[in-house]
Amino acid sequence: MSQPKLIHKKSFQVVGYTFKANLKEIEENQLGKKTMERLMANTDNIQHKLGNHIYLIQVYPMKKQFNAFTDPFTQIIGYEVSQPGDLPQDAVLHHIPEYYYVTYTHHGLESELYKTYDYLYGKWIKENNYYTIGNDFELWDERYKPEDTSNEIDMYVAVKRP
């Protein structure tokens with residue numbers, strides 16, 4: 001099993017669709033699935049797209065005792081773009097700032113992704129003396145097969161030293 005790595009990632013931009021909800025609402029209302037379907041339906045209308053990989057970006061409120069199951073946060077599902085262009089209706093341009101990230105590849109079903117998040121947020125970040133700065137993202141490329149055990153998702157959690 002590979003170990004998480006700390007990397008420096010330059011800023012980049014994503015065009016896609018966004019919503020704000022907690023994990024319970026996302027699951028019950030299939031918000032991620034519906035947003036992904038909307039992105040797929042508008043793929044050809046996204047200008048300056050860099051490849052076919054998709055980003056799931058999550059931006060959390062910086063509050064003590066944040067709980068993703070009950071507290072709403074923002075998700076953006078979209079494509080990386082080389083520059084802004086005309087946006088499809090209701091799409092957003094989201095800027096990811098330059099940060100240090102702990103990165104790790106989740107192997108296995110997407111439904112078990114929470115275990116990897118628990119490991120990164122609950123163990124690795126604390127043991128390595130970092131703190132999170134309110135956002136993370138996942139990279140979904142040709143290895144993304146959410147219902148298959150061969151699924152792989154690259155995860156990035158923005159971190160700083162105290």
# chains A, B, ... in the order shown; residues from 1 in each chain; ligands from 1
>>> residues_around(residues="A:Thr70", least_positions_apart="6", cutoff="9 Å", atoms="only C-alpha atoms", output="list in words")
Ala21, Asn22, Leu23, Lys24 and Glu25 of chain A
>>> write_last_selection(atoms="N, CA and C atoms", output="PDB file, in the first residue's frame")
ATOM      1  N   ALA A  21     -24.613  21.552   0.030  1.00  0.00           N
ATOM      2  CA  ALA A  21     -25.425  20.608   0.796  1.00  0.00           C
ATOM      3  C   ALA A  21     -24.516  19.850   1.757  1.00  0.00           C
ATOM      4  N   ASN A  22     -25.124  19.067   2.643  1.00  0.00           N
ATOM      5  CA  ASN A  22     -24.331  18.179   3.496  1.00  0.00           C
ATOM      6  C   ASN A  22     -24.343  16.776   2.879  1.00  0.00           C
ATOM      7  N   LEU A  23     -23.524  15.879   3.417  1.00  0.00           N
ATOM      8  CA  LEU A  23     -23.418  14.535   2.833  1.00  0.00           C
ATOM      9  C   LEU A  23     -24.746  13.791   2.823  1.00  0.00           C
ATOM     10  N   LYS A  24     -25.540  13.976   3.863  1.00  0.00           N
ATOM     11  CA  LYS A  24     -26.842  13.315   3.936  1.00  0.00           C
ATOM     12  C   LYS A  24     -27.734  13.771   2.774  1.00  0.00           C
ATOM     13  N   GLU A  25     -27.786  15.088   2.545  1.00  0.00           N
ATOM     14  CA  GLU A  25     -28.602  15.637   1.456  1.00  0.00           C
ATOM     15  C   GLU A  25     -28.055  15.224   0.082  1.00  0.00           C
TER      16      GLU A  25
END
>>> residues_around(residues="stretch 85-98 of chain A", least_positions_apart="4", cutoff="10 Å", atoms="only C-alpha atoms", output="VMD selection string")
chain A and resid 8 to 18 38 to 39 42 to 49 57 76 to 81 135 to 137 158
>>> write_last_selection(atoms="N, CA and C atoms", output="compact mmCIF listing (two decimals), in the first residue's frame")
# COMPACT_ATOMS: atom_id res chain seq x y z
N HIS A 8 3.40 20.15 -3.90
CA HIS A 8 3.05 21.55 -4.14
C HIS A 8 2.36 21.59 -5.49
N LYS A 9 1.16 22.15 -5.55
CA LYS A 9 0.41 22.19 -6.80
C LYS A 9 0.10 23.63 -7.14
N LYS A 10 0.41 24.00 -8.37
CA LYS A 10 0.12 25.35 -8.85
C LYS A 10 -1.39 25.53 -8.98
N SER A 11 -1.83 26.78 -9.03
CA SER A 11 -3.25 27.08 -9.16
C SER A 11 -3.76 26.62 -10.52
N PHE A 12 -5.05 26.35 -10.58
CA PHE A 12 -5.69 25.99 -11.84
C PHE A 12 -7.16 26.35 -11.77
N GLN A 13 -7.84 26.26 -12.91
CA GLN A 13 -9.24 26.66 -13.00
C GLN A 13 -10.10 25.49 -13.50
N VAL A 14 -11.31 25.44 -12.99
CA VAL A 14 -12.26 24.40 -13.36
C VAL A 14 -13.58 25.06 -13.75
N VAL A 15 -14.17 24.58 -14.83
CA VAL A 15 -15.51 24.99 -15.23
C VAL A 15 -16.44 23.81 -15.01
N GLY A 16 -17.53 24.07 -14.31
CA GLY A 16 -18.47 23.00 -14.04
C GLY A 16 -19.70 23.53 -13.34
N TYR A 17 -20.30 22.65 -12.56
CA TYR A 17 -21.55 22.96 -11.87
C TYR A 17 -21.36 22.77 -10.38
N THR A 18 -22.10 23.56 -9.60
CA THR A 18 -21.89 23.58 -8.16
C THR A 18 -23.21 23.47 -7.41
N ARG A 38 -25.43 16.53 -15.59
CA ARG A 38 -25.53 17.87 -16.19
C ARG A 38 -24.21 18.25 -16.85
N LEU A 39 -23.10 17.93 -16.18
CA LEU A 39 -21.79 18.21 -16.75
C LEU A 39 -21.61 17.43 -18.06
N ASN A 42 -23.31 18.85 -21.01
CA ASN A 42 -22.78 20.14 -21.49
C ASN A 42 -21.28 20.10 -21.81
N THR A 43 -20.70 18.91 -21.84
CA THR A 43 -19.26 18.77 -22.08
C THR A 43 -18.79 19.52 -23.31
N ASP A 44 -19.53 19.40 -24.40
CA ASP A 44 -19.11 20.03 -25.65
C ASP A 44 -19.19 21.55 -25.61
N ASN A 45 -19.87 22.11 -24.62
CA ASN A 45 -20.02 23.56 -24.51
C ASN A 45 -18.97 24.20 -23.59
N ILE A 46 -18.07 23.39 -23.06
CA ILE A 46 -17.02 23.93 -22.17
C ILE A 46 -15.78 24.21 -23.01
N GLN A 47 -15.43 25.48 -23.08
CA GLN A 47 -14.30 25.92 -23.91
C GLN A 47 -12.98 25.75 -23.18
N HIS A 48 -11.92 25.48 -23.94
CA HIS A 48 -10.54 25.41 -23.44
C HIS A 48 -10.33 24.28 -22.43
N LYS A 49 -11.08 23.20 -22.58
CA LYS A 49 -11.00 22.05 -21.69
C LYS A 49 -9.64 21.37 -21.84
N ILE A 57 -14.49 19.05 -6.52
CA ILE A 57 -13.88 19.98 -5.57
C ILE A 57 -14.84 20.18 -4.41
N ILE A 76 -18.10 21.35 -6.36
CA ILE A 76 -18.05 21.74 -7.77
C ILE A 76 -17.58 20.51 -8.54
N ILE A 77 -18.28 20.16 -9.59
CA ILE A 77 -17.88 19.04 -10.44
C ILE A 77 -17.64 19.63 -11.82
N GLY A 78 -16.39 19.49 -12.33
CA GLY A 78 -16.10 20.12 -13.60
C GLY A 78 -14.79 19.68 -14.22
N TYR A 79 -14.47 20.34 -15.32
CA TYR A 79 -13.26 20.09 -16.10
C TYR A 79 -12.25 21.19 -15.88
N GLU A 80 -10.97 20.83 -15.87
CA GLU A 80 -9.91 21.83 -15.84
C GLU A 80 -9.89 22.54 -17.20
N VAL A 81 -9.71 23.85 -17.16
CA VAL A 81 -9.62 24.64 -18.39
C VAL A 81 -8.32 25.44 -18.40
N ASN A 135 -10.37 22.90 2.00
CA ASN A 135 -10.78 22.35 0.72
C ASN A 135 -9.97 21.11 0.35
N ASP A 136 -10.60 20.31 -0.48
CA ASP A 136 -9.93 19.16 -1.06
C ASP A 136 -10.54 18.92 -2.42
N PHE A 137 -9.92 18.02 -3.17
CA PHE A 137 -10.51 17.64 -4.44
C PHE A 137 -10.10 16.23 -4.81
N ALA A 158 -5.82 20.11 0.81
CA ALA A 158 -4.98 21.29 1.02
C ALA A 158 -4.59 21.38 2.50
>>> closest_residue(among="A:Lys5, A:His106, A:Lys20, A:Lys126", to="A:Tyr144", atoms="only C-alpha atoms")
A:His106
>>> atom_distance(atom1="atom CA of A:Tyr121", atom2="atom CA of A:Tyr99")
16.7 Å
>>> residues_around(residues="A:Glu138", least_positions_apart="3", cutoff="8 Å", atoms="only C-alpha atoms", output="list in words")
Tyr55, Leu56, Ile57, Ile153, Asp154, Met155 and Tyr156 of chain A
>>> write_last_selection(atoms="N, CA and C atoms", output="PDB file, in the first residue's frame")
ATOM      1  N   TYR A  55     -12.853  16.902 -12.115  1.00  0.00           N
ATOM      2  CA  TYR A  55     -12.532  17.213 -10.726  1.00  0.00           C
ATOM      3  C   TYR A  55     -13.816  17.317  -9.910  1.00  0.00           C
ATOM      4  N   LEU A  56     -13.775  16.726  -8.731  1.00  0.00           N
ATOM      5  CA  LEU A  56     -14.788  16.967  -7.702  1.00  0.00           C
ATOM      6  C   LEU A  56     -14.084  17.802  -6.647  1.00  0.00           C
ATOM      7  N   ILE A  57     -14.493  19.049  -6.518  1.00  0.00           N
ATOM      8  CA  ILE A  57     -13.877  19.981  -5.572  1.00  0.00           C
ATOM      9  C   ILE A  57     -14.842  20.176  -4.413  1.00  0.00           C
ATOM     10  N   ILE A 153      -9.131   6.672  -7.354  1.00  0.00           N
ATOM     11  CA  ILE A 153      -9.425   8.102  -7.280  1.00  0.00           C
ATOM     12  C   ILE A 153      -8.246   8.788  -6.598  1.00  0.00           C
ATOM     13  N   ASP A 154      -7.630   9.733  -7.295  1.00  0.00           N
ATOM     14  CA  ASP A 154      -6.558  10.523  -6.692  1.00  0.00           C
ATOM     15  C   ASP A 154      -7.194  11.616  -5.846  1.00  0.00           C
ATOM     16  N   MET A 155      -6.778  11.688  -4.586  1.00  0.00           N
ATOM     17  CA  MET A 155      -7.337  12.634  -3.625  1.00  0.00           C
ATOM     18  C   MET A 155      -6.264  13.649  -3.240  1.00  0.00           C
ATOM     19  N   TYR A 156      -6.698  14.898  -3.066  1.00  0.00           N
ATOM     20  CA  TYR A 156      -5.795  15.991  -2.698  1.00  0.00           C
ATOM     21  C   TYR A 156      -6.456  16.794  -1.581  1.00  0.00           C
TER      22      TYR A 156
END
>>> closest_residue(among="A:His107, A:Arg161, A:Tyr100, A:Asn52", to="A:Ile7", atoms="only C-alpha atoms")
A:Tyr100
>>> select_by_dssp(residues="stretch 9-156 of chain A", states="strand (DSSP E or B)", output="MDAnalysis selection string")
chainID A and resid 9 12:21 49:59 73:81 92:96 99:107 131:140 152:156
>>> closest_residue(among="A:Leu109, A:Leu31, A:Met40, A:Ile133", to="A:Val59", atoms="only C-alpha atoms")
A:Ile133
>>> atom_distance(atom1="atom CA of A:Gly108", atom2="atom CA of A:Asn151")
5.0 Å
>>> atom_distance(atom1="atom CA of A:Glu28", atom2="atom CA of A:Asp118")
21.2 Å
>>> closest_residue(among="A:Val159, A:Glu152, A:Glu142, A:Gly134", to="A:Met62", atoms="only C-alpha atoms")
A:Gly134
>>> select_by_dssp(residues="stretch 37-93 of chain A", states="alpha helix (DSSP H)", output="PyMOL selection string")
chain A and resi 37-41
>>> write_last_selection(atoms="N, CA and C atoms", output="PDB file, in the first residue's frame")
ATOM      1  N   GLU A  37     -24.352  14.275 -14.381  1.00  0.00           N
ATOM      2  CA  GLU A  37     -25.152  14.126 -15.604  1.00  0.00           C
ATOM      3  C   GLU A  37     -25.266  15.464 -16.339  1.00  0.00           C
ATOM      4  N   ARG A  38     -25.429  16.529 -15.585  1.00  0.00           N
ATOM      5  CA  ARG A  38     -25.532  17.867 -16.187  1.00  0.00           C
ATOM      6  C   ARG A  38     -24.208  18.250 -16.853  1.00  0.00           C
ATOM      7  N   LEU A  39     -23.103  17.933 -16.178  1.00  0.00           N
ATOM      8  CA  LEU A  39     -21.788  18.211 -16.753  1.00  0.00           C
ATOM      9  C   LEU A  39     -21.610  17.430 -18.055  1.00  0.00           C
ATOM     10  N   MET A  40     -21.960  16.149 -18.047  1.00  0.00           N
ATOM     11  CA  MET A  40     -21.815  15.312 -19.239  1.00  0.00           C
ATOM     12  C   MET A  40     -22.658  15.854 -20.395  1.00  0.00           C
ATOM     13  N   ALA A  41     -23.853  16.334 -20.084  1.00  0.00           N
ATOM     14  CA  ALA A  41     -24.747  16.860 -21.117  1.00  0.00           C
ATOM     15  C   ALA A  41     -24.196  18.153 -21.737  1.00  0.00           C
TER      16      ALA A  41
END
>>> decode(residues="stretch 81-132 of chain A", atoms="C-alpha atoms", output="PDB file, in the first residue's frame")
ATOM      1  CA  VAL A  81      -9.621  24.637 -18.392  1.00  0.00           C
ATOM      2  CA  SER A  82      -6.564  26.464 -19.723  1.00  0.00           C
ATOM      3  CA  GLN A  83      -8.354  29.833 -19.614  1.00  0.00           C
ATOM      4  CA  PRO A  84     -11.818  31.213 -18.995  1.00  0.00           C
ATOM      5  CA  GLY A  85     -14.248  31.168 -21.891  1.00  0.00           C
ATOM      6  CA  ASP A  86     -17.958  31.531 -22.426  1.00  0.00           C
ATOM      7  CA  LEU A  87     -19.670  29.426 -19.778  1.00  0.00           C
ATOM      8  CA  PRO A  88     -22.598  27.103 -20.424  1.00  0.00           C
ATOM      9  CA  GLN A  89     -25.830  28.211 -18.731  1.00  0.00           C
ATOM     10  CA  ASP A  90     -25.558  28.083 -14.903  1.00  0.00           C
ATOM     11  CA  ALA A  91     -21.959  26.826 -15.039  1.00  0.00           C
ATOM     12  CA  VAL A  92     -19.273  28.364 -12.803  1.00  0.00           C
ATOM     13  CA  LEU A  93     -15.575  29.089 -13.169  1.00  0.00           C
ATOM     14  CA  HIS A  94     -13.786  28.039  -9.975  1.00  0.00           C
ATOM     15  CA  HIS A  95     -10.190  28.972  -9.183  1.00  0.00           C
ATOM     16  CA  ILE A  96      -8.123  26.496  -7.143  1.00  0.00           C
ATOM     17  CA  PRO A  97      -5.325  28.446  -5.402  1.00  0.00           C
ATOM     18  CA  GLU A  98      -1.720  27.310  -5.261  1.00  0.00           C
ATOM     19  CA  TYR A  99      -1.293  25.147  -2.142  1.00  0.00           C
ATOM     20  CA  TYR A 100       0.517  22.259  -0.608  1.00  0.00           C
ATOM     21  CA  TYR A 101      -1.565  19.106  -0.691  1.00  0.00           C
ATOM     22  CA  VAL A 102      -1.367  15.723   0.888  1.00  0.00           C
ATOM     23  CA  THR A 103      -2.201  13.388  -1.973  1.00  0.00           C
ATOM     24  CA  TYR A 104      -3.216   9.769  -1.918  1.00  0.00           C
ATOM     25  CA  THR A 105      -4.858   7.330  -4.328  1.00  0.00           C
ATOM     26  CA  HIS A 106      -7.981   5.566  -3.095  1.00  0.00           C
ATOM     27  CA  HIS A 107      -8.243   1.997  -4.401  1.00  0.00           C
ATOM     28  CA  GLY A 108     -11.639   0.287  -4.379  1.00  0.00           C
ATOM     29  CA  LEU A 109     -15.308   1.082  -4.445  1.00  0.00           C
ATOM     30  CA  GLU A 110     -16.323   4.731  -4.289  1.00  0.00           C
ATOM     31  CA  SER A 111     -18.768   3.801  -1.517  1.00  0.00           C
ATOM     32  CA  GLU A 112     -15.710   3.072   0.674  1.00  0.00           C
ATOM     33  CA  LEU A 113     -14.017   6.404  -0.043  1.00  0.00           C
ATOM     34  CA  TYR A 114     -14.996   7.659   3.422  1.00  0.00           C
ATOM     35  CA  LYS A 115     -12.419   5.259   4.918  1.00  0.00           C
ATOM     36  CA  THR A 116      -9.639   6.965   2.967  1.00  0.00           C
ATOM     37  CA  TYR A 117     -10.909  10.414   3.973  1.00  0.00           C
ATOM     38  CA  ASP A 118     -11.041   9.254   7.607  1.00  0.00           C
ATOM     39  CA  TYR A 119      -7.437   8.078   7.331  1.00  0.00           C
ATOM     40  CA  LEU A 120      -6.181  11.307   5.742  1.00  0.00           C
ATOM     41  CA  TYR A 121      -8.151  13.761   7.905  1.00  0.00           C
ATOM     42  CA  GLY A 122      -8.325  11.728  11.089  1.00  0.00           C
ATOM     43  CA  LYS A 123      -4.860  10.235  11.226  1.00  0.00           C
ATOM     44  CA  TRP A 124      -2.229  11.244   8.661  1.00  0.00           C
ATOM     45  CA  ILE A 125      -2.715  15.027   8.838  1.00  0.00           C
ATOM     46  CA  LYS A 126      -2.604  15.059  12.651  1.00  0.00           C
ATOM     47  CA  GLU A 127       0.329  12.635  12.931  1.00  0.00           C
ATOM     48  CA  ASN A 128       2.352  14.700  10.472  1.00  0.00           C
ATOM     49  CA  ASN A 129       1.620  18.019  12.175  1.00  0.00           C
ATOM     50  CA  TYR A 130      -0.484  19.680   9.482  1.00  0.00           C
ATOM     51  CA  TYR A 131      -3.880  21.289   9.523  1.00  0.00           C
ATOM     52  CA  THR A 132      -6.409  21.557   6.737  1.00  0.00           C
TER      53      THR A 132
END
